[in-house]
Structures are given as C-alpha cells and as structure tokens.
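Visitor: Input structure: model15.txt, which contains compact mmCIF, C-alpha atoms.
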# COMPACT_ATOMS: atom_id res chain seq x y z
CA GLU A 72 86.41 110.13 113.06
CA ALA A 73 88.20 108.85 109.94
CA GLN A 74 90.29 105.88 110.89
CA VAL A 75 91.70 102.46 110.15
CA THR A 76 91.17 99.93 112.92
CA GLN A 77 92.93 96.62 113.44
CA ASN A 78 92.19 93.81 115.83
CA PRO A 79 93.72 92.39 117.85
CA ARG A 80 96.51 94.82 118.75
CA TYR A 81 98.60 92.09 120.34
CA LEU A 82 98.52 88.35 119.74
CA ILE A 83 100.67 85.48 120.94
CA THR A 84 99.93 82.16 119.31
CA VAL A 85 101.50 78.79 118.56
CA THR A 86 102.82 77.37 115.33
CA GLY A 87 100.11 76.02 113.06
CA LYS A 88 97.07 77.57 114.75
CA LYS A 89 95.07 79.51 112.16
CA LEU A 90 94.47 83.17 112.93
CA THR A 91 92.84 86.22 111.38
CA VAL A 92 93.75 89.84 111.91
CA THR A 93 90.89 92.15 111.01
CA CYS A 94 91.20 95.54 109.34
CA SER A 95 88.41 98.02 108.79
CA GLN A 96 88.27 101.58 107.40
CA ASN A 97 85.44 104.10 107.44
CA MET A 98 86.69 106.42 104.69
CA ASN A 99 85.22 104.60 101.67
CA HIS A 100 88.74 104.01 100.35
CA GLU A 101 89.24 101.71 97.40
CA TYR A 102 92.85 100.76 98.09
CA MET A 103 93.73 98.66 101.13
CA SER A 104 97.00 97.01 101.98
CA TRP A 105 98.81 94.88 104.55
CA TYR A 106 102.44 95.34 105.56
CA ARG A 107 104.82 93.72 107.96
CA GLN A 108 107.51 95.73 109.70
CA ASP A 109 110.72 94.05 110.79
CA PRO A 110 113.84 95.72 112.25
CA GLY A 111 116.22 96.92 109.55
CA LEU A 112 113.83 95.95 106.75
CA GLY A 113 111.26 98.73 106.94
CA LEU A 114 107.77 97.92 105.74
CA ARG A 115 107.20 95.18 103.22
CA GLN A 116 103.92 94.87 101.44
CA ILE A 117 102.17 91.52 101.85
CA TYR A 118 98.99 91.97 99.81
CA TYR A 119 97.01 94.87 98.46
CA SER A 120 93.55 95.36 97.05
CA MET A 121 92.45 97.94 94.52
CA ASN A 122 88.76 97.34 95.21
CA VAL A 123 86.19 94.75 96.25
CA GLU A 124 87.07 91.26 95.00
CA VAL A 125 90.40 92.49 93.59
CA THR A 126 93.56 91.46 95.45
CA ASP A 127 97.21 91.32 94.39
CA LYS A 128 100.41 90.01 95.89
CA GLY A 129 102.97 92.40 97.30
CA ASP A 130 106.61 91.60 98.00
CA VAL A 131 106.12 88.96 100.71
CA PRO A 132 102.79 87.12 100.24
CA GLU A 133 103.95 83.60 101.15
CA GLY A 134 102.09 82.19 104.15
CA TYR A 135 99.33 84.79 104.05
CA LYS A 136 95.86 85.09 102.56
CA VAL A 137 93.50 88.02 102.25
CA SER A 138 89.96 88.64 101.12
CA ARG A 139 88.03 91.75 100.10
CA LYS A 140 84.34 90.92 100.18
CA GLU A 141 83.31 94.38 101.34
CA LYS A 142 84.93 97.73 100.64
CA ARG A 143 85.55 98.57 104.29
CA ASN A 144 87.14 95.28 105.44
CA PHE A 145 90.38 93.59 104.48
CA PRO A 146 91.25 90.72 106.83
CA LEU A 147 94.68 89.08 106.89
CA ILE A 148 94.62 85.31 107.37
CA LEU A 149 97.51 83.12 108.49
CA GLU A 150 96.37 79.54 107.82
CA SER A 151 99.36 77.92 109.53
CA PRO A 152 101.49 80.53 111.30
CA SER A 153 105.20 79.93 111.73
CA PRO A 154 107.77 81.69 113.95
CA ASN A 155 109.18 83.63 110.97
CA GLN A 156 105.83 85.41 110.79
CA THR A 157 106.47 87.01 114.16
CA SER A 158 106.32 90.69 113.28
CA LEU A 159 104.48 93.99 113.57
CA TYR A 160 101.65 94.17 111.04
CA PHE A 161 100.04 97.31 109.65
CA CYS A 162 96.91 97.72 107.62
CA ALA A 163 96.49 100.84 105.49
CA SER A 164 93.92 102.35 103.16
CA SER A 165 93.82 105.13 100.59
CA LEU A 166 91.87 106.63 97.75
CA ALA A 167 92.97 105.17 94.45
CA GLY A 168 92.69 105.75 90.75
CA VAL A 169 92.33 109.12 89.08
CA LEU A 170 90.73 110.68 92.16
CA GLY A 171 93.43 109.68 94.60
CA SER A 172 97.16 109.88 95.08
CA TYR A 173 97.30 106.74 97.17
CA GLU A 174 98.20 108.63 100.36
CA GLN A 175 97.82 105.90 102.91
CA TYR A 176 96.20 106.04 106.31
CA PHE A 177 97.66 103.45 108.64
CA GLY A 178 96.11 101.45 111.40
CA PRO A 179 97.76 101.28 114.86
CA GLY A 180 99.49 97.96 114.19
CA THR A 181 99.16 94.39 115.41
CA ARG A 182 102.11 92.82 117.16
CA LEU A 183 102.08 89.09 116.45
CA THR A 184 104.30 86.54 118.17
CA VAL A 185 104.31 82.93 116.95
CA THR A 186 106.00 80.44 119.27
CA GLY B 131 112.86 93.26 92.66
CA GLU B 132 112.95 97.01 92.93
CA ASP B 133 114.51 98.48 96.06
CA VAL B 134 114.09 101.73 97.93
CA GLU B 135 117.19 102.66 99.92
CA GLN B 136 117.79 105.09 102.75
CA SER B 137 120.55 105.63 105.25
CA LEU B 138 119.56 104.24 108.63
CA PHE B 139 120.55 107.05 111.01
CA LEU B 140 120.79 110.84 111.09
CA SER B 141 121.60 113.04 114.06
CA VAL B 142 121.22 116.83 114.10
CA ARG B 143 121.13 119.64 116.61
CA GLU B 144 117.90 121.42 117.44
CA GLY B 145 117.40 124.39 115.12
CA ASP B 146 119.54 122.94 112.31
CA SER B 147 118.14 121.64 109.04
CA SER B 148 117.84 117.89 108.52
CA VAL B 149 118.13 116.28 105.10
CA ILE B 150 117.02 112.69 104.67
CA ASN B 151 117.89 111.03 101.38
CA CYS B 152 116.31 108.17 99.48
CA THR B 153 117.01 106.40 96.21
CA TYR B 154 114.57 104.29 94.28
CA THR B 155 114.84 102.19 91.16
CA ASP B 156 111.40 102.10 89.52
CA SER B 157 111.53 104.77 86.83
CA SER B 158 107.78 104.37 86.26
CA SER B 159 106.85 105.32 89.84
CA THR B 160 103.98 107.81 89.82
CA TYR B 161 104.03 109.05 93.40
CA LEU B 162 106.73 109.23 96.05
CA TYR B 163 105.99 109.71 99.72
CA TRP B 164 107.51 110.55 103.07
CA TYR B 165 106.02 108.99 106.19
CA LYS B 166 106.89 109.56 109.85
CA GLN B 167 106.72 106.92 112.55
CA GLU B 168 106.96 107.86 116.21
CA PRO B 169 107.74 105.19 118.84
CA GLY B 170 104.93 102.68 119.28
CA ALA B 171 102.76 104.29 116.62
CA GLY B 172 101.68 103.65 113.07
CA LEU B 173 102.93 105.61 110.10
CA GLN B 174 101.71 109.11 109.41
CA LEU B 175 101.91 110.66 105.96
CA LEU B 176 104.04 113.81 105.96
CA THR B 177 104.00 114.75 102.30
CA TYR B 178 104.12 113.31 98.81
CA ILE B 179 105.22 114.40 95.38
CA PHE B 180 103.96 113.48 91.95
CA SER B 181 106.63 112.18 89.63
CA ASN B 182 106.32 115.09 87.17
CA MET B 183 107.29 117.61 89.87
CA ASP B 184 110.81 118.33 91.05
CA MET B 185 110.05 120.21 94.25
CA LYS B 186 107.29 120.58 96.79
CA GLN B 187 107.30 122.80 99.86
CA ASP B 188 104.96 122.47 102.80
CA GLN B 189 105.78 124.71 105.78
CA ARG B 190 109.04 123.38 107.26
CA LEU B 191 109.21 120.48 104.81
CA THR B 192 110.80 120.60 101.37
CA VAL B 193 110.79 117.59 99.06
CA LEU B 194 113.21 117.45 96.15
CA LEU B 195 112.89 114.88 93.38
CA ASN B 196 115.64 114.18 90.88
CA LYS B 197 113.96 111.81 88.50
CA LYS B 198 117.04 111.33 86.34
CA ASP B 199 119.04 110.03 89.32
CA LYS B 200 115.98 108.48 91.00
CA HIS B 201 116.79 110.44 94.15
CA LEU B 202 114.30 111.84 96.63
CA SER B 203 115.11 114.00 99.64
CA LEU B 204 113.23 115.47 102.56
CA ARG B 205 114.52 118.63 104.17
CA ILE B 206 113.17 119.66 107.56
CA ALA B 207 113.95 123.26 108.41
CA ASP B 208 114.49 124.37 112.02
CA THR B 209 114.42 120.79 113.29
CA GLN B 210 112.82 120.37 116.72
CA THR B 211 113.11 117.60 119.30
CA GLY B 212 109.54 116.61 118.39
CA ASP B 213 110.81 115.73 114.92
CA SER B 214 112.77 112.80 116.37
CA ALA B 215 111.25 109.73 114.72
CA ILE B 216 111.81 107.23 111.93
CA TYR B 217 111.21 108.60 108.44
CA PHE B 218 110.26 106.30 105.58
CA CYS B 219 110.30 107.07 101.91
CA ALA B 220 107.98 105.05 99.69
CA GLU B 221 107.13 104.75 96.04
CA LEU B 222 103.96 103.73 94.26
CA GLY B 223 104.78 101.32 91.46
CA GLY B 224 103.90 102.77 88.08
CA LYS B 225 102.83 99.51 86.47
CA SER B 226 101.28 97.55 89.30
CA ASN B 227 100.19 99.99 92.05
CA ASP B 228 102.18 98.10 94.63
CA MET B 229 103.87 100.15 97.34
CA ARG B 230 107.53 99.86 98.30
CA PHE B 231 109.11 101.36 101.39
CA GLY B 232 112.67 102.03 102.40
CA ALA B 233 114.04 100.64 105.66
CA GLY B 234 113.57 103.99 107.40
CA THR B 235 115.95 106.69 108.67
CA ARG B 236 116.03 107.22 112.41
CA LEU B 237 116.35 110.97 113.02
CA THR B 238 117.67 112.00 116.42
CA VAL B 239 117.46 115.67 117.35
CA LYS B 240 119.78 116.77 120.14
CA PRO B 241 118.95 119.82 122.25
Produce structure tokens that represent the structure in this file.
Guide:
Amino acid sequence: EAQVTQNPRYLITVTGKKLTVTCSQNMNHEYMSWYRQDPGLGLRQIYYSMNVEVTDKGDVPEGYKVSRKEKRNFPLILESPSPNQTSLYFCASSLAGVLGSYEQYFGPGTRLTVT
Amino acid sequence: GEDVEQSLFLSVREGDSSVINCTYTDSSSTYLYWYKQEPGAGLQLLTYIFSNMDMKQDQRLTVLLNKKDKHLSLRIADTQTGDSAIYFCAELGGKSNDMRFGAGTRLTVKP
C-alpha cells in the first residue's frame, strides 16, 4: 500500500530535550516536506527537499533541522524544543519535476507537546 | 512573504452547492490545489489545476482559476453531510517549489 508513515504519532516532551520525528514514504517520490498545523494559521511549511541531499527552508524553519540521506526518509529534528513548537506536524511527499505535479500525499500527523 | 487567503467558515444545506474561495499572491505559481481534512486525519488531495488552465471539472467538483485576479474557487455540487470538513487551498511557488497553504475553510453541511 502506497503511504507516508510518521513516528511517533503522539509525543509529550520537555523543553530542551532533543527529539526526532521520522517520516518515510514507499512511493519513490522525490519531493518531501514537513509542515506544522496551528489553529487559525493553516499549514506552514517548515522544510522541503527536492531530492536526496537537497533541502530548502520553508516559511518557518527556525528551531528545526532536517536531513535527506535516502530518498524514502526525511526526519525532522528538534535540537532544543521549546513550548512554541507545540503543534501538529505533517510529513508529505510527491512526485516532482517534469513528471510530477507535486500532488502531495500526507502522513497521519504527529501531535507534539513541549512543556 | 506571499500569502494565501481563505474565509474561515462556510455553512450550507444538504443538496445545495458550496463555493469556497481563495486568493493568492504569487503570480508565478505553477500549480494550485484543493485539499480536504476530516477531523483527526491528515490532508487528502481533492483536485489541482495547472496555472495555464481556467477551469477543471471532476465529478461534483469544479475548480475555477482567475489568474488575472489571482483567485481560485472550489465548487461542490449537491453537497452532502460527508463533505463537512476543512478545505485548504495551496499554491506551488513558481520560482522556489515551496508550498503555501491557506488557513482552511471549515465547511458545515446541515441536513
């Protein structure tokens, strides 16, 4: 089954404790992206990646890191989480370039609470 | 930065048509999208339109694009209670391939 998986689905942590949210897709998509969803603000793009070893900042990259060592995985790293990073996070992937129209497939979401 | 704007709420009666509107500001956007989010779920792509088109129809869904006014709309014909959800419009940046979403329109369908 074609899908985007994220882990964990729920996470409660404390300020300053490094964490990683994993994202994996099995569709051989080039484009992968992380978003955060906050009430009244919709989805805001954190980082995106056009392909392996290529990452770019979205609208709200501060406090986050990503890596794209393999095509299928795109982990989101919070080196020192703060309460303002409490949010619902979505990973997404799509075909890119001339073969794709960037229609994104979304993961189920990770609800992160930082106390 | 560039913004994508939508009204936050829309309420219709079952069987009526719903029209959800969106404005965007990046004139170089290549693709525009409509996504649906049901409670507790991720986003699901409903439809998209390439920027050189002005209309796309897919069963009950009709997308209209007015590129001059940077206005995108989604019309749902014969709206059903199962259509109740949050609808997001999104644009793919023409220069940078970043993706920008509106805040979402919560559609409520009353029986």
Visitor: For B:Arg236, work out the shell of residues within 12 Å, counting all atoms listed in the file and skipping chain neighbours fewer than 6 positions away, then give it as an MDAnalysis selection string.
Guide: (chainID A and resid 110:111 113) or (chainID B and resid 136:142 148:151 165:169 213:219)
Visitor: Skipping near chain neighbours, those fewer than 3 positions away, what residues fall within 9 Å of stretch 98-100 of chain A using only C-alpha atoms, listed as a CSV table (one decimal) with C-alpha atoms, keeping the file's coordinate frame?
Guide:
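Saved result, selection_9.csv, follows:
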chain,number,residue,atom,x,y,z
A,73,ALA,CA,88.2,108.8,109.9
A,74,GLN,CA,90.3,105.9,110.9
A,75,VAL,CA,91.7,102.5,110.2
A,103,MET,CA,93.7,98.7,101.1
A,122,ASN,CA,88.8,97.3,95.2
A,142,LYS,CA,84.9,97.7,100.6
A,143,ARG,CA,85.6,98.6,104.3
A,164,SER,CA,93.9,102.4,103.2
A,165,SER,CA,93.8,105.1,100.6
A,166,LEU,CA,91.9,106.6,97.8
A,167,ALA,CA,93.0,105.2,94.4
Visitor: Which residues, protein or nucleic acid, reach to within 12 Å of (105.7, 97.5, 85.4) in the file's coordinates when using all atoms listed in the file, and can you give that as a list in words?
Guide: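 Applying the cut-off with all atoms listed in the file, one gets Gly131, Glu132, Thr155, Asp156, Ser157, Ser158, Ser159, Thr160, Leu222, Gly223, Gly224, Lys225, Ser226, Asn227 and Asp228 of chain B.
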Visitor: Next, the residues of the selection above should be written as a PDB file, in the frame of the given file with C-alpha atoms.
Guide:
ATOM      1  CA  GLY B 131     112.860  93.260  92.660  1.00  0.00           C
ATOM      2  CA  GLU B 132     112.950  97.010  92.930  1.00  0.00           C
ATOM      3  CA  THR B 155     114.840 102.190  91.160  1.00  0.00           C
ATOM      4  CA  ASP B 156     111.400 102.100  89.520  1.00  0.00           C
ATOM      5  CA  SER B 157     111.530 104.770  86.830  1.00  0.00           C
ATOM      6  CA  SER B 158     107.780 104.370  86.260  1.00  0.00           C
ATOM      7  CA  SER B 159     106.850 105.320  89.840  1.00  0.00           C
ATOM      8  CA  THR B 160     103.980 107.810  89.820  1.00  0.00           C
ATOM      9  CA  LEU B 222     103.960 103.730  94.260  1.00  0.00           C
ATOM     10  CA  GLY B 223     104.780 101.320  91.460  1.00  0.00           C
ATOM     11  CA  GLY B 224     103.900 102.770  88.080  1.00  0.00           C
ATOM     12  CA  LYS B 225     102.830  99.510  86.470  1.00  0.00           C
ATOM     13  CA  SER B 226     101.280  97.550  89.300  1.00  0.00           C
ATOM     14  CA  ASN B 227     100.190  99.990  92.050  1.00  0.00           C
ATOM     15  CA  ASP B 228     102.180  98.100  94.630  1.00  0.00           C
TER      16      ASP B 228
END
Visitor: What are the closest atom pairs, with distances in Å to one decimal, for each residue of chain A lying within 12 Å of chain B, using all atoms listed in the file, rows by chain and rising residue number, as JSON lines?
Guide:
{"residue": "A:Gln74", "atom": "CA", "partner": "B:Gly172", "partner_atom": "CA", "distance": 11.8}
{"residue": "A:Val75", "atom": "CA", "partner": "B:Gly172", "partner_atom": "CA", "distance": 10.5}
{"residue": "A:Thr76", "atom": "CA", "partner": "B:Gly172", "partner_atom": "CA", "distance": 11.1}
{"residue": "A:Gln77", "atom": "CA", "partner": "B:Gly172", "partner_atom": "CA", "distance": 11.2}
{"residue": "A:Arg80", "atom": "CA", "partner": "B:Gly170", "partner_atom": "CA", "distance": 11.5}
{"residue": "A:Tyr102", "atom": "CA", "partner": "B:Asn227", "partner_atom": "CA", "distance": 9.5}
{"residue": "A:Met103", "atom": "CA", "partner": "B:Asp228", "partner_atom": "CA", "distance": 10.7}
{"residue": "A:Ser104", "atom": "CA", "partner": "B:Met229", "partner_atom": "CA", "distance": 8.9}
{"residue": "A:Trp105", "atom": "CA", "partner": "B:Met229", "partner_atom": "CA", "distance": 10.3}
{"residue": "A:Tyr106", "atom": "CA", "partner": "B:Met229", "partner_atom": "CA", "distance": 9.6}
{"residue": "A:Arg107", "atom": "CA", "partner": "B:Phe231", "partner_atom": "CA", "distance": 11.0}
{"residue": "A:Gln108", "atom": "CA", "partner": "B:Ala233", "partner_atom": "CA", "distance": 9.1}
{"residue": "A:Asp109", "atom": "CA", "partner": "B:Ala233", "partner_atom": "CA", "distance": 9.0}
{"residue": "A:Pro110", "atom": "CA", "partner": "B:Ala233", "partner_atom": "CA", "distance": 8.2}
{"residue": "A:Gly111", "atom": "CA", "partner": "B:Ala233", "partner_atom": "CA", "distance": 5.8}
{"residue": "A:Leu112", "atom": "CA", "partner": "B:Ala233", "partner_atom": "CA", "distance": 4.8}
{"residue": "A:Gly113", "atom": "CA", "partner": "B:Ala233", "partner_atom": "CA", "distance": 3.6}
{"residue": "A:Leu114", "atom": "CA", "partner": "B:Phe231", "partner_atom": "CA", "distance": 5.7}
{"residue": "A:Arg115", "atom": "CA", "partner": "B:Phe231", "partner_atom": "CA", "distance": 6.7}
{"residue": "A:Gln116", "atom": "CA", "partner": "B:Met229", "partner_atom": "CA", "distance": 6.7}
{"residue": "A:Ile117", "atom": "CA", "partner": "B:Asp228", "partner_atom": "CA", "distance": 9.8}
{"residue": "A:Tyr118", "atom": "CA", "partner": "B:Asp228", "partner_atom": "CA", "distance": 8.6}
{"residue": "A:Tyr119", "atom": "CA", "partner": "B:Asp228", "partner_atom": "CA", "distance": 7.2}
{"residue": "A:Ser120", "atom": "CA", "partner": "B:Asp228", "partner_atom": "CA", "distance": 9.4}
{"residue": "A:Met121", "atom": "CA", "partner": "B:Asn227", "partner_atom": "CA", "distance": 8.4}
{"residue": "A:Thr126", "atom": "CA", "partner": "B:Asp228", "partner_atom": "CA", "distance": 10.9}
{"residue": "A:Asp127", "atom": "CA", "partner": "B:Asp228", "partner_atom": "CA", "distance": 8.4}
{"residue": "A:Lys128", "atom": "CA", "partner": "B:Asp228", "partner_atom": "CA", "distance": 8.4}
{"residue": "A:Gly129", "atom": "CA", "partner": "B:Asp228", "partner_atom": "CA", "distance": 6.3}
{"residue": "A:Asp130", "atom": "CA", "partner": "B:Arg230", "partner_atom": "CA", "distance": 8.3}
{"residue": "A:Val131", "atom": "CA", "partner": "B:Arg230", "partner_atom": "CA", "distance": 11.3}
{"residue": "A:Leu159", "atom": "CA", "partner": "B:Gly172", "partner_atom": "CA", "distance": 10.1}
{"residue": "A:Tyr160", "atom": "CA", "partner": "B:Gly172", "partner_atom": "CA", "distance": 9.7}
{"residue": "A:Phe161", "atom": "CA", "partner": "B:Gly172", "partner_atom": "CA", "distance": 7.4}
{"residue": "A:Cys162", "atom": "CA", "partner": "B:Gly172", "partner_atom": "CA", "distance": 9.4}
{"residue": "A:Ala163", "atom": "CA", "partner": "B:Leu173", "partner_atom": "CA", "distance": 9.2}
{"residue": "A:Ser164", "atom": "CA", "partner": "B:Met229", "partner_atom": "CA", "distance": 11.7}
{"residue": "A:Ser165", "atom": "CA", "partner": "B:Leu175", "partner_atom": "CA", "distance": 11.2}
{"residue": "A:Ala167", "atom": "CA", "partner": "B:Asn227", "partner_atom": "CA", "distance": 9.2}
{"residue": "A:Gly168", "atom": "CA", "partner": "B:Asn227", "partner_atom": "CA", "distance": 9.5}
{"residue": "A:Val169", "atom": "CA", "partner": "B:Thr160", "partner_atom": "CA", "distance": 11.7}
{"residue": "A:Gly171", "atom": "CA", "partner": "B:Tyr161", "partner_atom": "CA", "distance": 10.7}
{"residue": "A:Ser172", "atom": "CA", "partner": "B:Tyr161", "partner_atom": "CA", "distance": 7.1}
{"residue": "A:Tyr173", "atom": "CA", "partner": "B:Leu222", "partner_atom": "CA", "distance": 7.9}
{"residue": "A:Glu174", "atom": "CA", "partner": "B:Leu175", "partner_atom": "CA", "distance": 7.0}
{"residue": "A:Gln175", "atom": "CA", "partner": "B:Leu175", "partner_atom": "CA", "distance": 7.0}
{"residue": "A:Tyr176", "atom": "CA", "partner": "B:Gln174", "partner_atom": "CA", "distance": 7.0}
{"residue": "A:Phe177", "atom": "CA", "partner": "B:Leu173", "partner_atom": "CA", "distance": 5.9}
{"residue": "A:Gly178", "atom": "CA", "partner": "B:Gly172", "partner_atom": "CA", "distance": 6.2}
{"residue": "A:Pro179", "atom": "CA", "partner": "B:Gly172", "partner_atom": "CA", "distance": 4.9}
{"residue": "A:Gly180", "atom": "CA", "partner": "B:Gly172", "partner_atom": "CA", "distance": 6.2}
{"residue": "A:Thr181", "atom": "CA", "partner": "B:Gly172", "partner_atom": "CA", "distance": 9.9}
{"residue": "A:Arg182", "atom": "CA", "partner": "B:Gly170", "partner_atom": "CA", "distance": 10.5}
Visitor: With C-alpha atoms retained, export the selected residues as a PDB file, in the frame of the given file.
Guide:
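In the end it all went to out.pdb:
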ATOM      1  CA  GLN A  74      90.290 105.880 110.890  1.00  0.00           C
ATOM      2  CA  VAL A  75      91.700 102.460 110.150  1.00  0.00           C
ATOM      3  CA  THR A  76      91.170  99.930 112.920  1.00  0.00           C
ATOM      4  CA  GLN A  77      92.930  96.620 113.440  1.00  0.00           C
ATOM      5  CA  ARG A  80      96.510  94.820 118.750  1.00  0.00           C
ATOM      6  CA  TYR A 102      92.850 100.760  98.090  1.00  0.00           C
ATOM      7  CA  MET A 103      93.730  98.660 101.130  1.00  0.00           C
ATOM      8  CA  SER A 104      97.000  97.010 101.980  1.00  0.00           C
ATOM      9  CA  TRP A 105      98.810  94.880 104.550  1.00  0.00           C
ATOM     10  CA  TYR A 106     102.440  95.340 105.560  1.00  0.00           C
ATOM     11  CA  ARG A 107     104.820  93.720 107.960  1.00  0.00           C
ATOM     12  CA  GLN A 108     107.510  95.730 109.700  1.00  0.00           C
ATOM     13  CA  ASP A 109     110.720  94.050 110.790  1.00  0.00           C
ATOM     14  CA  PRO A 110     113.840  95.720 112.250  1.00  0.00           C
ATOM     15  CA  GLY A 111     116.220  96.920 109.550  1.00  0.00           C
ATOM     16  CA  LEU A 112     113.830  95.950 106.750  1.00  0.00           C
ATOM     17  CA  GLY A 113     111.260  98.730 106.940  1.00  0.00           C
ATOM     18  CA  LEU A 114     107.770  97.920 105.740  1.00  0.00           C
ATOM     19  CA  ARG A 115     107.200  95.180 103.220  1.00  0.00           C
ATOM     20  CA  GLN A 116     103.920  94.870 101.440  1.00  0.00           C
ATOM     21  CA  ILE A 117     102.170  91.520 101.850  1.00  0.00           C
ATOM     22  CA  TYR A 118      98.990  91.970  99.810  1.00  0.00           C
ATOM     23  CA  TYR A 119      97.010  94.870  98.460  1.00  0.00           C
ATOM     24  CA  SER A 120      93.550  95.360  97.050  1.00  0.00           C
ATOM     25  CA  MET A 121      92.450  97.940  94.520  1.00  0.00           C
ATOM     26  CA  THR A 126      93.560  91.460  95.450  1.00  0.00           C
ATOM     27  CA  ASP A 127      97.210  91.320  94.390  1.00  0.00           C
ATOM     28  CA  LYS A 128     100.410  90.010  95.890  1.00  0.00           C
ATOM     29  CA  GLY A 129     102.970  92.400  97.300  1.00  0.00           C
ATOM     30  CA  ASP A 130     106.610  91.600  98.000  1.00  0.00           C
ATOM     31  CA  VAL A 131     106.120  88.960 100.710  1.00  0.00           C
ATOM     32  CA  LEU A 159     104.480  93.990 113.570  1.00  0.00           C
ATOM     33  CA  TYR A 160     101.650  94.170 111.040  1.00  0.00           C
ATOM     34  CA  PHE A 161     100.040  97.310 109.650  1.00  0.00           C
ATOM     35  CA  CYS A 162      96.910  97.720 107.620  1.00  0.00           C
ATOM     36  CA  ALA A 163      96.490 100.840 105.490  1.00  0.00           C
ATOM     37  CA  SER A 164      93.920 102.350 103.160  1.00  0.00           C
ATOM     38  CA  SER A 165      93.820 105.130 100.590  1.00  0.00           C
ATOM     39  CA  ALA A 167      92.970 105.170  94.450  1.00  0.00           C
ATOM     40  CA  GLY A 168      92.690 105.750  90.750  1.00  0.00           C
ATOM     41  CA  VAL A 169      92.330 109.120  89.080  1.00  0.00           C
ATOM     42  CA  GLY A 171      93.430 109.680  94.600  1.00  0.00           C
ATOM     43  CA  SER A 172      97.160 109.880  95.080  1.00  0.00           C
ATOM     44  CA  TYR A 173      97.300 106.740  97.170  1.00  0.00           C
ATOM     45  CA  GLU A 174      98.200 108.630 100.360  1.00  0.00           C
ATOM     46  CA  GLN A 175      97.820 105.900 102.910  1.00  0.00           C
ATOM     47  CA  TYR A 176      96.200 106.040 106.310  1.00  0.00           C
ATOM     48  CA  PHE A 177      97.660 103.450 108.640  1.00  0.00           C
ATOM     49  CA  GLY A 178      96.110 101.450 111.400  1.00  0.00           C
ATOM     50  CA  PRO A 179      97.760 101.280 114.860  1.00  0.00           C
ATOM     51  CA  GLY A 180      99.490  97.960 114.190  1.00  0.00           C
ATOM     52  CA  THR A 181      99.160  94.390 115.410  1.00  0.00           C
ATOM     53  CA  ARG A 182     102.110  92.820 117.160  1.00  0.00           C
TER      54      ARG A 182
END
Visitor: Using all atoms listed in the file, find the one residue out of B:Glu144, B:Asp208, B:Glu221, B:Asp133 that sits nearest to B:Arg190.
Guide: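 Using all atoms listed in the file, B:Arg190 sits closest to B:Asp208.
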Visitor: Measure the distance from atom CA of B:Ser181 to atom CA of B:Leu237 in Å and round it to one decimal.
Guide: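 Pair atom CA of B:Ser181 / atom CA of B:Leu237 returns 25.4 Å.
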Visitor: So how far away is atom CA of B:Arg205 from atom CA of B:Ser147, in Å?
Guide: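 Here the two named atoms are 6.8 Å from each other.
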Visitor: To one decimal place in Å, what is the distance between atom CA of A:Arg139 and atom CA of A:Leu90?
Guide: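 Distance reported for this atom pair: 16.7 Å.
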Visitor: Put the listed atoms of stretch 206-209 of chain B in a box along x, y and z with 5 Å added on every side and give me the centre and edge lengths in Å to one decimal, as lines of an AutoDock Vina configuration file.
Guide:
center_x = 113.8
center_y = 122.0
center_z = 110.4
size_x = 11.3
size_y = 14.7
size_z = 15.7
Visitor: Let me make sure I understand: among A:Glu124, A:Glu101, A:Glu72, A:Glu133, which one has the smallest atom-to-atom distance to A:Leu149 if we use only C-alpha atoms?
Guide: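 Nearest candidate to A:Leu149 out of A:Glu124, A:Glu101, A:Glu72, A:Glu133: A:Glu133.
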Visitor: Please determine, counting all atoms listed in the file, which residue among A:Thr91, A:Thr186, A:Gln96, A:Thr84 has the shortest atom-to-atom distance to A:Pro146.
Guide: A:Thr91
